[in-house]
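Data block for model_17.txt (compact mmCIF, C-alpha atoms):
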# COMPACT_ATOMS: atom_id res chain seq x y z
CA MET A 118 0.38 0.63 -21.97
CA GLY A 119 1.12 4.29 -21.23
CA GLU A 120 -1.55 4.27 -18.51
CA LEU A 121 -0.02 1.17 -16.96
CA PHE A 122 3.41 2.76 -16.72
CA ARG A 123 2.02 6.05 -15.41
CA ALA A 124 0.36 4.11 -12.57
CA VAL A 125 3.51 2.06 -11.99
CA PHE A 126 5.67 5.18 -11.67
CA ALA A 127 3.08 6.95 -9.50
CA ILE A 128 3.04 4.02 -7.03
CA ALA A 129 6.82 3.57 -7.03
CA GLY A 130 7.38 7.32 -6.66
CA LYS A 131 4.97 7.46 -3.73
CA ASP A 132 6.71 4.54 -1.96
CA LEU A 133 10.14 6.08 -2.38
CA ARG A 134 8.90 9.49 -1.21
CA VAL A 135 7.37 7.93 1.92
CA GLU A 136 10.66 6.14 2.62
CA VAL A 137 12.76 9.26 2.05
CA ARG A 138 10.53 11.09 4.57
CA SER A 139 10.46 8.40 7.25
CA ARG A 140 13.82 6.67 6.60
CA THR A 141 12.47 3.85 8.78
CA ALA A 142 13.43 0.90 6.62
CA MET A 143 16.57 2.44 5.12
CA VAL A 144 18.16 3.22 8.48
CA SER A 145 17.14 -0.17 9.94
CA ALA A 146 18.45 -2.09 6.92
CA LEU A 147 21.77 -0.24 6.85
CA ALA A 148 22.31 -0.53 10.59
CA PHE A 149 21.55 -4.24 10.34
CA ALA A 150 23.94 -4.69 7.40
CA ALA A 151 26.75 -2.91 9.25
CA LEU A 152 26.15 -5.02 12.36
CA VAL A 153 26.23 -8.31 10.44
CA LEU A 154 29.49 -7.36 8.76
CA VAL A 155 31.08 -6.32 12.07
CA ILE A 156 29.94 -9.48 13.84
CA PHE A 157 31.14 -11.82 11.09
CA ASN A 158 34.41 -9.95 10.85
CA PHE A 159 35.22 -10.33 14.54
CA ALA A 160 33.58 -13.71 15.15
CA ARG A 161 35.65 -15.37 12.42
CA ASP A 162 38.41 -17.68 13.65
CA ALA A 163 41.33 -16.32 11.66
CA GLY A 164 43.30 -19.55 12.15
CA SER A 165 40.75 -21.85 10.55
CA VAL A 166 38.67 -19.74 8.13
CA SER A 167 40.25 -17.25 5.77
CA ARG A 168 38.53 -13.96 5.02
CA GLU A 169 38.47 -14.82 1.32
CA ALA A 170 36.62 -18.09 1.96
CA LEU A 171 34.03 -16.46 4.19
CA ALA A 172 33.55 -13.17 2.32
CA PRO A 173 31.06 -14.25 -0.43
CA SER A 174 28.70 -15.97 2.02
CA VAL A 175 28.80 -13.06 4.43
CA LEU A 176 28.12 -10.58 1.64
CA TRP A 177 25.01 -12.43 0.46
CA ILE A 178 23.72 -13.18 3.95
CA THR A 179 24.01 -9.46 4.65
CA PHE A 180 22.26 -8.50 1.39
CA THR A 181 19.50 -11.07 1.93
CA PHE A 182 18.58 -10.18 5.50
CA SER A 183 18.94 -6.43 5.16
CA GLY A 184 16.88 -6.66 1.96
CA MET A 185 14.22 -8.50 3.90
CA ILE A 186 13.97 -5.63 6.38
CA ALA A 187 13.39 -3.33 3.44
CA LEU A 188 10.74 -5.61 1.93
CA ASN A 189 8.86 -5.85 5.22
CA ARG A 190 8.13 -2.16 4.89
CA SER A 191 6.69 -2.47 1.38
CA PHE A 192 3.10 -3.34 2.23
CA ALA A 193 3.32 -2.45 5.92
CA LEU A 194 3.09 1.20 4.94
CA GLU A 195 -0.16 0.41 3.12
CA ARG A 196 -1.59 -1.00 6.35
CA GLU A 197 -1.40 2.39 8.09
CA ASN A 198 -4.79 4.09 7.72
CA ALA A 199 -5.89 1.22 5.43
CA ALA A 200 -4.18 2.97 2.51
CA LEU A 201 -4.26 -0.33 0.61
CA ASP A 202 -8.06 0.00 0.31
CA GLY A 203 -7.52 3.34 -1.40
CA LEU A 204 -5.15 1.70 -3.86
CA LEU A 205 -7.48 -1.23 -4.50
CA MET A 206 -10.41 1.08 -5.18
CA ALA A 207 -8.51 3.11 -7.75
CA PRO A 208 -8.99 2.14 -11.40
CA VAL A 209 -5.48 0.74 -11.49
CA SER A 210 -4.73 -2.81 -12.53
CA ARG A 211 -3.24 -5.16 -9.96
CA THR A 212 -0.38 -5.63 -12.41
CA ALA A 213 0.44 -1.93 -12.14
CA LEU A 214 0.24 -2.19 -8.36
CA PHE A 215 2.66 -5.11 -8.30
CA LEU A 216 5.07 -3.49 -10.75
CA GLY A 217 5.00 -0.19 -8.86
CA LYS A 218 5.77 -1.91 -5.58
CA TYR A 219 8.37 -4.10 -7.27
CA LEU A 220 10.13 -1.11 -8.81
CA ALA A 221 10.23 0.77 -5.50
CA ASN A 222 11.50 -2.32 -3.68
CA LEU A 223 14.17 -2.89 -6.31
CA ALA A 224 15.38 0.70 -6.01
CA PHE A 225 15.36 0.41 -2.27
CA VAL A 226 17.23 -2.90 -2.03
CA PHE A 227 19.79 -1.70 -4.58
CA MET A 228 20.37 1.38 -2.43
CA VAL A 229 20.95 -0.82 0.62
CA GLU A 230 23.34 -3.02 -1.38
CA ALA A 231 25.19 0.00 -2.80
CA VAL A 232 25.86 1.32 0.70
CA THR A 233 26.68 -2.12 2.12
CA LEU A 234 29.25 -2.96 -0.55
CA PRO A 235 31.87 -0.37 0.55
CA LEU A 236 31.41 -1.56 4.16
CA PHE A 237 32.07 -5.10 2.97
CA VAL A 238 35.27 -3.95 1.24
CA LEU A 239 36.29 -2.16 4.42
CA PHE A 240 35.73 -5.09 6.78
CA PHE A 241 36.80 -7.94 4.53
CA GLY A 242 39.53 -6.18 2.57
CA ALA A 243 38.07 -7.52 -0.69
CA ASP A 244 39.71 -6.22 -3.84
CA LEU A 245 36.89 -5.42 -6.27
CA SER A 246 39.03 -3.78 -8.93
CA GLY A 247 38.42 -5.54 -12.22
CA ILE A 248 35.43 -7.51 -10.94
CA LEU A 249 33.06 -4.70 -9.98
CA GLY A 250 31.11 -5.00 -13.26
CA GLY A 251 30.64 -8.74 -12.77
CA LEU A 252 29.65 -8.28 -9.16
CA VAL A 253 27.10 -5.58 -10.02
CA LEU A 254 25.63 -7.87 -12.69
CA THR A 255 25.36 -10.65 -10.11
CA MET A 256 23.70 -8.27 -7.67
CA VAL A 257 21.19 -7.21 -10.33
CA LEU A 258 20.36 -10.81 -11.31
CA ALA A 259 20.13 -12.17 -7.77
CA THR A 260 18.18 -9.17 -6.47
CA ALA A 261 15.60 -9.07 -9.29
CA GLY A 262 14.13 -12.49 -8.42
CA PHE A 263 14.52 -12.09 -4.69
CA VAL A 264 12.63 -8.78 -4.70
CA ALA A 265 9.80 -10.18 -6.87
CA ILE A 266 9.21 -12.95 -4.32
CA GLY A 267 9.58 -10.50 -1.46
CA THR A 268 7.00 -8.15 -3.00
CA LEU A 269 4.47 -10.94 -3.46
CA PHE A 270 4.94 -12.38 0.02
CA SER A 271 4.98 -8.95 1.62
CA ALA A 272 1.43 -8.52 0.23
CA ILE A 273 0.46 -11.88 1.77
CA ALA A 274 2.22 -11.35 5.10
CA VAL A 275 0.75 -7.89 5.67
CA ARG A 276 -2.70 -9.46 6.09
CA THR A 277 -1.47 -11.63 8.95
CA ARG A 278 -1.06 -10.62 12.56
CA PHE A 279 2.69 -11.18 12.69
CA ALA A 280 3.69 -9.77 9.33
CA GLU A 281 7.30 -9.02 10.30
CA LEU A 282 7.79 -12.60 11.44
CA MET A 283 5.87 -14.19 8.60
CA LEU A 284 7.78 -12.61 5.73
CA PRO A 285 11.18 -14.25 6.43
CA LEU A 286 9.47 -17.60 7.07
CA LEU A 287 7.64 -17.40 3.75
CA ILE A 288 10.43 -16.19 1.51
CA LEU A 289 13.60 -17.81 2.87
CA PRO A 290 12.95 -21.21 1.24
CA PHE A 291 12.58 -19.48 -2.13
CA LEU A 292 15.83 -17.57 -1.68
CA ILE A 293 18.06 -20.61 -1.43
CA PRO A 294 18.67 -20.94 -5.22
CA PRO A 295 19.59 -17.29 -5.91
CA VAL A 296 21.73 -17.03 -2.78
CA ILE A 297 23.64 -20.19 -3.70
CA GLY A 298 24.08 -18.92 -7.26
CA ALA A 299 25.19 -15.47 -6.14
CA VAL A 300 27.67 -16.88 -3.60
CA GLN A 301 29.15 -19.18 -6.24
CA VAL A 302 29.60 -16.35 -8.73
CA THR A 303 31.01 -13.97 -6.10
CA SER A 304 33.55 -16.50 -4.79
CA ARG A 305 34.74 -17.22 -8.33
CA LEU A 306 34.94 -13.51 -9.14
CA LEU A 307 36.96 -12.83 -5.98
CA ALA A 308 39.26 -15.78 -6.76
CA GLY A 309 39.85 -14.46 -10.30
CA ARG A 310 38.42 -17.55 -11.99
CA PRO A 311 37.69 -17.44 -15.76
CA THR A 312 34.33 -16.23 -17.11
CA SER A 313 33.46 -19.72 -18.41
CA GLU A 314 33.17 -20.92 -14.78
CA ILE A 315 30.76 -18.11 -13.94
CA LEU A 316 28.53 -18.05 -16.98
CA GLY A 317 26.51 -21.13 -16.02
CA TRP A 318 25.59 -19.69 -12.62
CA LEU A 319 24.63 -16.36 -14.19
CA LYS A 320 22.31 -18.21 -16.59
CA ILE A 321 20.69 -20.00 -13.64
CA LEU A 322 20.15 -16.65 -11.89
CA ALA A 323 18.63 -15.15 -15.06
CA LEU A 324 16.31 -18.15 -15.48
CA TYR A 325 15.27 -17.91 -11.84
CA ASP A 326 14.39 -14.23 -12.40
CA LEU A 327 12.38 -14.98 -15.51
CA VAL A 328 10.39 -17.73 -13.82
CA PHE A 329 9.74 -16.01 -10.50
CA VAL A 330 9.04 -12.50 -11.79
CA THR A 331 6.48 -14.02 -14.17
CA VAL A 332 4.93 -16.30 -11.53
CA CYS A 333 4.72 -13.48 -8.96
CA LEU A 334 3.15 -11.16 -11.52
CA LEU A 335 0.54 -13.79 -12.41
CA LEU A 336 -0.27 -14.67 -8.79
CA PHE A 337 -0.53 -11.12 -7.54
CA THR A 338 -3.91 -10.26 -9.15
CA PRO A 339 -5.90 -13.23 -7.81
CA LEU A 340 -4.19 -12.78 -4.47
CA MET A 341 -5.24 -9.15 -4.13
CA ASP A 342 -8.77 -9.86 -5.31
CA GLU A 343 -9.23 -12.59 -2.68
CA MET B 268 -28.22 4.14 7.43
CA VAL B 269 -28.04 3.64 11.15
CA GLY B 270 -27.75 0.68 13.44
CA PRO B 271 -26.17 -0.47 16.66
CA ASN B 272 -22.45 -1.32 16.87
CA GLY B 273 -21.70 -4.57 15.09
CA ALA B 274 -24.82 -4.38 12.89
CA GLY B 275 -22.74 -4.73 9.72
CA LYS B 276 -22.92 -1.16 8.43
CA SER B 277 -19.20 -0.81 7.68
CA THR B 278 -19.11 -4.32 6.21
CA LEU B 279 -21.98 -3.39 3.91
CA LEU B 280 -20.07 -0.31 2.73
CA ARG B 281 -16.98 -2.45 2.05
CA LEU B 282 -19.14 -4.84 0.03
CA LEU B 283 -20.67 -1.95 -1.93
CA ALA B 284 -17.17 -0.59 -2.58
CA GLY B 285 -16.01 -3.94 -3.94
CA LEU B 286 -13.43 -4.35 -1.17
CA ALA B 287 -15.08 -7.49 0.18
CA ARG B 288 -16.84 -10.31 -1.55
CA PRO B 289 -20.40 -11.23 -0.56
CA SER B 290 -20.82 -14.81 0.65
CA ALA B 291 -24.06 -14.93 -1.39
CA GLY B 292 -25.58 -12.78 -4.11
CA SER B 293 -23.84 -10.10 -6.10
CA ILE B 294 -23.48 -6.34 -6.19
CA ALA B 295 -24.15 -4.45 -9.40
CA LEU B 296 -23.95 -0.81 -10.40
CA ASP B 297 -26.32 0.11 -13.26
CA GLY B 298 -26.88 -3.62 -13.74
CA VAL B 299 -23.17 -4.38 -14.17
CA PRO B 300 -21.65 -6.67 -11.50
CA LEU B 301 -18.89 -4.84 -9.62
CA THR B 302 -16.50 -7.77 -9.81
CA SER B 303 -16.72 -8.12 -13.59
CA ASN B 304 -15.74 -4.57 -14.47
CA PRO B 305 -12.85 -2.98 -12.55
CA ALA B 306 -13.51 0.35 -14.32
CA LEU B 307 -16.64 0.66 -12.18
CA ARG B 308 -14.36 1.36 -9.24
CA ARG B 309 -13.90 4.82 -10.78
CA SER B 310 -17.61 5.47 -10.13
CA ILE B 311 -17.38 4.87 -6.39
CA GLY B 312 -15.89 7.00 -3.63
CA LEU B 313 -15.45 5.57 -0.15
CA LEU B 314 -14.89 7.31 3.15
CA SER B 315 -14.28 4.67 5.79
CA HIS B 316 -13.18 4.80 9.43
CA GLN B 317 -9.62 4.89 8.10
CA SER B 318 -8.40 7.84 6.08
CA HIS B 319 -6.64 5.89 3.24
CA LEU B 320 -3.89 8.53 3.55
CA TYR B 321 -0.14 8.22 4.09
CA ASP B 322 1.03 9.79 7.36
CA ASP B 323 4.45 10.76 5.99
CA LEU B 324 3.06 12.58 2.96
CA SER B 325 1.51 16.04 3.02
CA ALA B 326 -2.14 16.76 2.25
CA ILE B 327 -1.20 17.95 -1.24
CA GLU B 328 1.01 14.92 -1.92
CA ASN B 329 -1.69 12.51 -0.74
CA LEU B 330 -4.35 14.03 -2.96
CA ALA B 331 -2.03 14.48 -5.93
CA PHE B 332 -1.14 10.78 -5.67
CA ALA B 333 -4.83 9.85 -5.62
CA ALA B 334 -5.40 12.12 -8.65
CA ARG B 335 -2.62 10.31 -10.55
CA LEU B 336 -4.09 6.90 -9.64
CA HIS B 337 -7.49 7.99 -10.91
CA ARG B 338 -5.88 9.39 -14.06
CA LEU B 339 -7.55 12.77 -13.63
CA ALA B 340 -6.81 15.27 -16.35
CA GLY B 341 -4.76 18.37 -15.51
CA ASP B 342 -2.14 19.19 -12.92
CA PRO B 343 -2.63 16.84 -9.94
CA THR B 344 -1.16 19.30 -7.43
CA GLY B 345 -3.35 22.20 -8.59
CA MET B 346 -6.39 19.94 -8.52
CA ALA B 347 -5.54 18.80 -4.99
CA ARG B 348 -5.26 22.43 -3.82
CA ARG B 349 -8.66 23.31 -5.33
CA ARG B 350 -10.39 20.33 -3.75
CA LEU B 351 -8.90 21.09 -0.35
CA ALA B 352 -9.91 24.74 -0.61
CA ALA B 353 -13.52 23.61 -1.22
CA LEU B 354 -13.42 22.05 2.24
CA GLY B 355 -11.85 25.10 3.84
CA LEU B 356 -8.38 23.59 3.97
CA THR B 357 -5.82 26.17 2.91
CA GLU B 358 -3.16 26.01 5.63
CA ARG B 359 -0.46 23.49 6.55
CA LEU B 360 -1.08 21.69 3.27
CA ASP B 361 2.62 20.86 2.84
CA GLU B 362 3.10 19.33 6.30
CA PRO B 363 3.05 15.55 6.79
CA ILE B 364 -0.49 14.68 7.79
CA ARG B 365 0.72 12.94 10.95
CA ASN B 366 1.08 16.49 12.36
CA LEU B 367 -2.51 17.46 11.59
CA SER B 368 -5.55 17.27 13.84
CA ARG B 369 -8.15 14.50 13.63
CA GLY B 370 -10.75 16.85 12.18
CA THR B 371 -8.38 18.10 9.49
CA VAL B 372 -7.45 14.55 8.50
CA GLN B 373 -11.15 13.67 8.34
CA ARG B 374 -11.77 16.56 5.93
CA LEU B 375 -8.75 15.43 3.90
CA ALA B 376 -10.17 11.93 3.74
CA ILE B 377 -13.50 13.35 2.50
CA ALA B 378 -11.65 15.38 -0.13
CA ARG B 379 -9.85 12.22 -1.23
CA ALA B 380 -13.11 10.26 -1.50
CA LEU B 381 -14.67 13.02 -3.64
CA LEU B 382 -11.57 13.83 -5.69
CA HIS B 383 -12.36 11.77 -8.78
CA GLY B 384 -16.00 12.86 -8.99
CA PRO B 385 -17.58 9.46 -8.18
CA ARG B 386 -21.27 8.89 -9.00
CA LEU B 387 -21.77 6.90 -5.82
CA LEU B 388 -20.43 8.09 -2.48
CA LEU B 389 -20.13 5.66 0.42
CA LEU B 390 -19.58 7.59 3.63
CA ASP B 391 -18.97 5.97 6.99
CA GLU B 392 -19.38 8.50 9.79
CA PRO B 393 -18.31 11.56 7.77
CA PHE B 394 -18.90 13.96 10.68
CA THR B 395 -16.56 12.20 13.13
CA GLY B 396 -14.00 14.54 14.68
CA LEU B 397 -15.38 17.65 13.01
CA ASP B 398 -16.21 20.87 14.87
CA PRO B 399 -19.67 22.34 14.15
CA ALA B 400 -18.37 24.76 11.50
CA ALA B 401 -16.49 22.01 9.66
CA ALA B 402 -19.48 19.66 9.96
CA ASP B 403 -21.69 22.31 8.35
CA GLN B 404 -19.14 22.74 5.57
CA VAL B 405 -19.14 18.99 4.91
CA SER B 406 -22.96 18.90 5.02
CA ASP B 407 -23.11 21.70 2.45
CA LEU B 408 -20.63 19.91 0.24
CA LEU B 409 -22.55 16.63 0.41
CA ARG B 410 -25.80 18.44 -0.29
CA SER B 411 -24.31 20.00 -3.40
CA GLU B 412 -22.97 16.59 -4.48
CA ARG B 413 -26.46 15.16 -4.10
CA ARG B 414 -27.97 18.02 -6.11
CA THR B 415 -25.72 17.06 -9.01
CA GLY B 416 -27.42 13.65 -9.08
CA LYS B 417 -24.86 11.63 -7.17
CA GLY B 418 -25.90 8.74 -4.99
CA LEU B 419 -25.01 8.90 -1.31
CA VAL B 420 -24.97 6.03 1.15
CA LEU B 421 -24.31 7.61 4.50
CA VAL B 422 -23.71 5.69 7.71
CA SER B 423 -23.88 7.84 10.80
CA HIS B 424 -24.65 7.70 14.48
CA ASP B 425 -25.25 11.44 14.27
CA VAL B 426 -28.79 11.28 12.94
CA HIS B 427 -29.38 15.02 13.51
CA GLU B 428 -26.46 15.98 11.26
CA SER B 429 -27.41 13.53 8.53
CA TRP B 430 -31.17 13.97 8.57
CA GLU B 431 -31.41 16.75 5.99
CA LEU B 432 -29.25 14.76 3.57
CA ALA B 433 -31.42 11.64 3.72
CA THR B 434 -34.02 10.63 1.16
CA HIS B 435 -34.28 7.04 2.42
CA LEU B 436 -33.84 5.66 5.92
CA HIS B 437 -32.42 2.29 6.83
CA ILE B 438 -31.88 0.66 10.18
CA LEU B 439 -29.59 -2.34 10.08
CA VAL B 440 -29.48 -4.85 12.93
CA ARG B 441 -27.27 -7.96 12.81
CA GLY B 442 -27.04 -7.78 9.03
CA SER B 443 -30.78 -7.40 8.34
CA TRP B 444 -32.95 -4.40 7.53
CA VAL B 445 -35.36 -3.55 10.30
CA ILE B 446 -36.48 -0.33 8.65
CA ASP B 447 -36.02 0.31 4.94
CA GLU B 448 -38.24 3.11 3.64
CA PRO B 449 -38.31 6.60 2.07
CA ARG B 450 -38.01 9.52 4.50
CA THR B 451 -41.53 10.74 5.17
CA GLY B 452 -42.05 11.40 8.90
CA SER B 453 -40.23 13.70 11.28
CA LEU B 454 -36.77 13.26 12.82
CA GLU B 455 -38.35 12.83 16.27
CA GLU B 456 -40.58 10.05 14.97
CA PHE B 457 -37.62 8.27 13.38
CA LEU B 458 -35.53 8.61 16.56
CA ARG B 459 -38.37 7.15 18.62
CA ARG B 460 -38.59 4.12 16.32
CA TYR B 461 -34.81 3.76 16.29
CA ARG B 462 -34.70 3.72 20.10
CA GLU B 463 -37.38 1.02 20.12
CA VAL B 464 -35.27 -1.07 17.75
CA LEU B 465 -32.19 -0.60 19.94
CA ARG B 466 -34.12 -1.65 23.03
CA GLY B 467 -35.10 -4.79 21.12
Just dump the structure as structure tokens.
Amino acid sequence: MGELFRAVFAIAGKDLRVEVRSRTAMVSALAFAALVLVIFNFARDAGSVSREALAPSVLWITFTFSGMIALNRSFALERENAALDGLLMAPVSRTALFLGKYLANLAFVFMVEAVTLPLFVLFFGADLSGILGGLVLTMVLATAGFVAIGTLFSAIAVRTRFAELMLPLLILPFLIPPVIGAVQVTSRLLAGRPTSEILGWLKILALYDLVFVTVCLLLFTPLMDE
Amino acid sequence: MVGPNGAGKSTLLRLLAGLARPSAGSIALDGVPLTSNPALRRSIGLLSHQSHLYDDLSAIENLAFAARLHRLAGDPTGMARRRLAALGLTERLDEPIRNLSRGTVQRLAIARALLHGPRLLLLDEPFTGLDPAAADQVSDLLRSERRTGKGLVLVSHDVHESWELATHLHILVRGSWVIDEPRTGSLEEFLRRYREVLRG
């Protein structure tokens, strides 16, 4: 078990170090997030759609698409110089490889979300006082499953010619449930609804995480050995 | 192992490394099929056309990462420095490798392939991009690896550079052996036969 976690942390640490050096995905994801928020803010017809009604959907669309930019980078960096072959030849289990990538992607997407959230408050004037804990919990639950699927499909897409195009096509259908759940929770949190109205959606998000993290973990090994 | 372009030399190395699956037959090391025992991967070192290195990491970081993956005992950074020094690499070790020359990256890739002390070394064009001094250094290193009883499968178009390292000679054409024999004759004799094979 200790060996597994040492390999997991080595892979995750390497991914984060590469990203800190290049800043390719981080800068792209943050620029994209800022642009989406600006566009939605100014494109909204103030007479027909209130900011409060639109805010939850915009927040999760921004998180989803900027997260996807981050996930695209995950295995793309292994394509340079065929570094993936080096990983596959190491005496490291595919489970460790998946978990290492997953951990790095989680850290990365959380970073993007953490920077995007203040921008969201700025553009949409959302009052997060008193609901920040609930919102962070929602972000954790919705992101955990989304990133697991993104990590798996990033490994599939990187072997295709149009990896950047393939990844959104592959993962978007799987993201519908967590995005719906997260939007529902966020809108109720922003409207100050009671916890009993939110709990059901949080359970659905947690179940989704459990199922998809497990499925992705199980599918990753045969996929990499193919 | 030599052969014309497209003969299947690199594919054969990928198969031997366990990175590709044969459409028929199986590959075993000491009688153990490669696919059934992932720990066997520890016994193989591969140098391919690609360096397996990360452009944004330094030479030290790349090798230290490989040392961690292979669970080598001791300080990974110190080990990386020692391995690089053995190949004459002592400068610019902390710069991202995207700033380094082709020859330096090639030596780094060789150091990475040898890092974990594999029993079988698969080397695809190890002398590419190296100046004569560096090529001699790599030759010496490979010779000393061979003396310690390690197996070497060396693919090279540079027959002159590889000749002294060879104990067996193979010419591969369109996936089949045309010559597969121990080294007995002279280099000139082998080159003459190789040219005949290339001419068809």
Problem set entry | Interface residues on chain B facing chain A, 12 Å, all atoms listed in the file, written as a ChimeraX atom specification | /B:281-289,301-325,328-339,343,362-365,372-373,376,379-380,382-383,385
Exercise. Using all atoms listed in the file, which residues sit within 8 Å of segment 185-187 of chain A once same-chain residues fewer than 2 positions away are excluded, as an MDAnalysis selection string?
Worked result: chainID A and resid 142:143 145:146 181:183 189:191 222 225:226 267 284:285
Selection from above, C-alpha atoms, as a tab-separated table (two decimals), in the coordinates of the input, can you write it?
chain	number	residue	atom	x	y	z
A	142	ALA	CA	13.43	0.90	6.62
A	143	MET	CA	16.57	2.44	5.12
A	145	SER	CA	17.14	-0.17	9.94
A	146	ALA	CA	18.45	-2.09	6.92
A	181	THR	CA	19.50	-11.07	1.93
A	182	PHE	CA	18.58	-10.18	5.50
A	183	SER	CA	18.94	-6.43	5.16
A	189	ASN	CA	8.86	-5.85	5.22
A	190	ARG	CA	8.13	-2.16	4.89
A	191	SER	CA	6.69	-2.47	1.38
A	222	ASN	CA	11.50	-2.32	-3.68
A	225	PHE	CA	15.36	0.41	-2.27
A	226	VAL	CA	17.23	-2.90	-2.03
A	267	GLY	CA	9.58	-10.50	-1.46
A	284	LEU	CA	7.78	-12.61	5.73
A	285	PRO	CA	11.18	-14.25	6.43
Problem set entry | Nearest candidate to Val232 of chain A (options A:Met118, A:Thr179, A:Leu287, A:Pro295; using only C-alpha atoms) | A:Thr179
Exercise. Between B:Ala326, B:Ala402, B:Leu408, B:Ile446, which is the closest to Glu463 of chain B once you count all atoms listed in the file?
Worked result: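 Ranking B:Ala326, B:Ala402, B:Leu408, B:Ile446 by distance to Glu463 of chain B, first place goes to B:Ile446.
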Take every atom of segment 244-248 of chain A listed in the file, pad by 3 Å on each side, and give me the axis-aligned box centre and edge lengths in Å, one decimal, as lines of an AutoDock Vina configuration file.
center_x = 37.6
center_y = -5.6
center_z = -8.0
size_x = 10.3
size_y = 9.7
size_z = 14.4
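Of the listed residues (B:Gly273, B:Asp407, B:Val420, B:Arg348), B:Val420 comes nearest to Leu389 of chain B; the distances count all atoms listed in the file.
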For this session: Point out the residue among A:Phe291, A:Phe122, A:Phe192, A:Phe337 with the least atom-to-atom distance to Arg211 of chain A, counting only C-alpha atoms.
Result: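 Once distances to Arg211 of chain A are computed over only C-alpha atoms, the minimum belongs to A:Phe337.
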Problem set entry | Residues near Leu252 of chain A, cut-off 10 Å, all atoms listed in the file, skip fewer than 3 positions along chain, as a ChimeraX atom specification | /A:245,247-249,255-258,299,302-303,306-307
How about saving the chosen residues, C-alpha atoms kept, as a PDB file, in the frame of the given file?
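The resulting file, out.pdb, is reproduced below:
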ATOM      1  CA  LEU A 245      36.890  -5.420  -6.270  1.00  0.00           C
ATOM      2  CA  GLY A 247      38.420  -5.540 -12.220  1.00  0.00           C
ATOM      3  CA  ILE A 248      35.430  -7.510 -10.940  1.00  0.00           C
ATOM      4  CA  LEU A 249      33.060  -4.700  -9.980  1.00  0.00           C
ATOM      5  CA  THR A 255      25.360 -10.650 -10.110  1.00  0.00           C
ATOM      6  CA  MET A 256      23.700  -8.270  -7.670  1.00  0.00           C
ATOM      7  CA  VAL A 257      21.190  -7.210 -10.330  1.00  0.00           C
ATOM      8  CA  LEU A 258      20.360 -10.810 -11.310  1.00  0.00           C
ATOM      9  CA  ALA A 299      25.190 -15.470  -6.140  1.00  0.00           C
ATOM     10  CA  VAL A 302      29.600 -16.350  -8.730  1.00  0.00           C
ATOM     11  CA  THR A 303      31.010 -13.970  -6.100  1.00  0.00           C
ATOM     12  CA  LEU A 306      34.940 -13.510  -9.140  1.00  0.00           C
ATOM     13  CA  LEU A 307      36.960 -12.830  -5.980  1.00  0.00           C
TER      14      LEU A 307
END
Problem set entry | Radius query 7 Å about (22.3, -2.0, 4.5), atoms used: all atoms listed in the file, as a PyMOL selection string | chain A and resi 146-151+183+229-230+232-233
Keeping only C-alpha atoms, write those residues as a PDB file, in the frame of the given file.
ATOM      1  CA  ALA A 146      18.450  -2.090   6.920  1.00  0.00           C
ATOM      2  CA  LEU A 147      21.770  -0.240   6.850  1.00  0.00           C
ATOM      3  CA  ALA A 148      22.310  -0.530  10.590  1.00  0.00           C
ATOM      4  CA  PHE A 149      21.550  -4.240  10.340  1.00  0.00           C
ATOM      5  CA  ALA A 150      23.940  -4.690   7.400  1.00  0.00           C
ATOM      6  CA  ALA A 151      26.750  -2.910   9.250  1.00  0.00           C
ATOM      7  CA  SER A 183      18.940  -6.430   5.160  1.00  0.00           C
ATOM      8  CA  VAL A 229      20.950  -0.820   0.620  1.00  0.00           C
ATOM      9  CA  GLU A 230      23.340  -3.020  -1.380  1.00  0.00           C
ATOM     10  CA  VAL A 232      25.860   1.320   0.700  1.00  0.00           C
ATOM     11  CA  THR A 233      26.680  -2.120   2.120  1.00  0.00           C
TER      12      THR A 233
END
Problem set entry | Å distance separating atom CA of Arg359 of chain B from atom CA of Ser423 of chain B, one decimal place |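 Going from atom CA of Arg359 of chain B over to atom CA of Ser423 of chain B covers 28.5 Å.
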Problem set entry | atom CA of Gly217 of chain A to atom CA of Ala129 of chain A, distance in Å rounded to a single decimal |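 Between atom CA of Gly217 of chain A and atom CA of Ala129 of chain A the gap works out to 4.6 Å.
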For this session: Could you tell me which of B:Asn366, B:Gly384, B:Ser443, B:Thr371 comes closest to Met346 of chain B if we count all atoms listed in the file?
Result: B:Gly384
Exercise. Could you state the separation of atom CA of Leu133 of chain A and atom CA of Thr268 of chain A in Å, given to one decimal place?
Worked result: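 Rounded to one decimal, the two atoms are 14.6 Å apart.
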Exercise. If you count only C-alpha atoms, which residues fall within 12 Å of Gly416 of chain B, apart from same-chain ones fewer than 6 positions away, as a PyMOL selection string?
Worked result: chain B and resi 384-388+409-410
For this session: Would you mind listing what lies within 12 Å of Asp326 of chain A as an MDAnalysis selection string, with all atoms listed in the file counted and same-chain residues fewer than 3 positions away left out?
Result: chainID A and resid 255 257:266 291:292 294:295 298 319:323 329:334
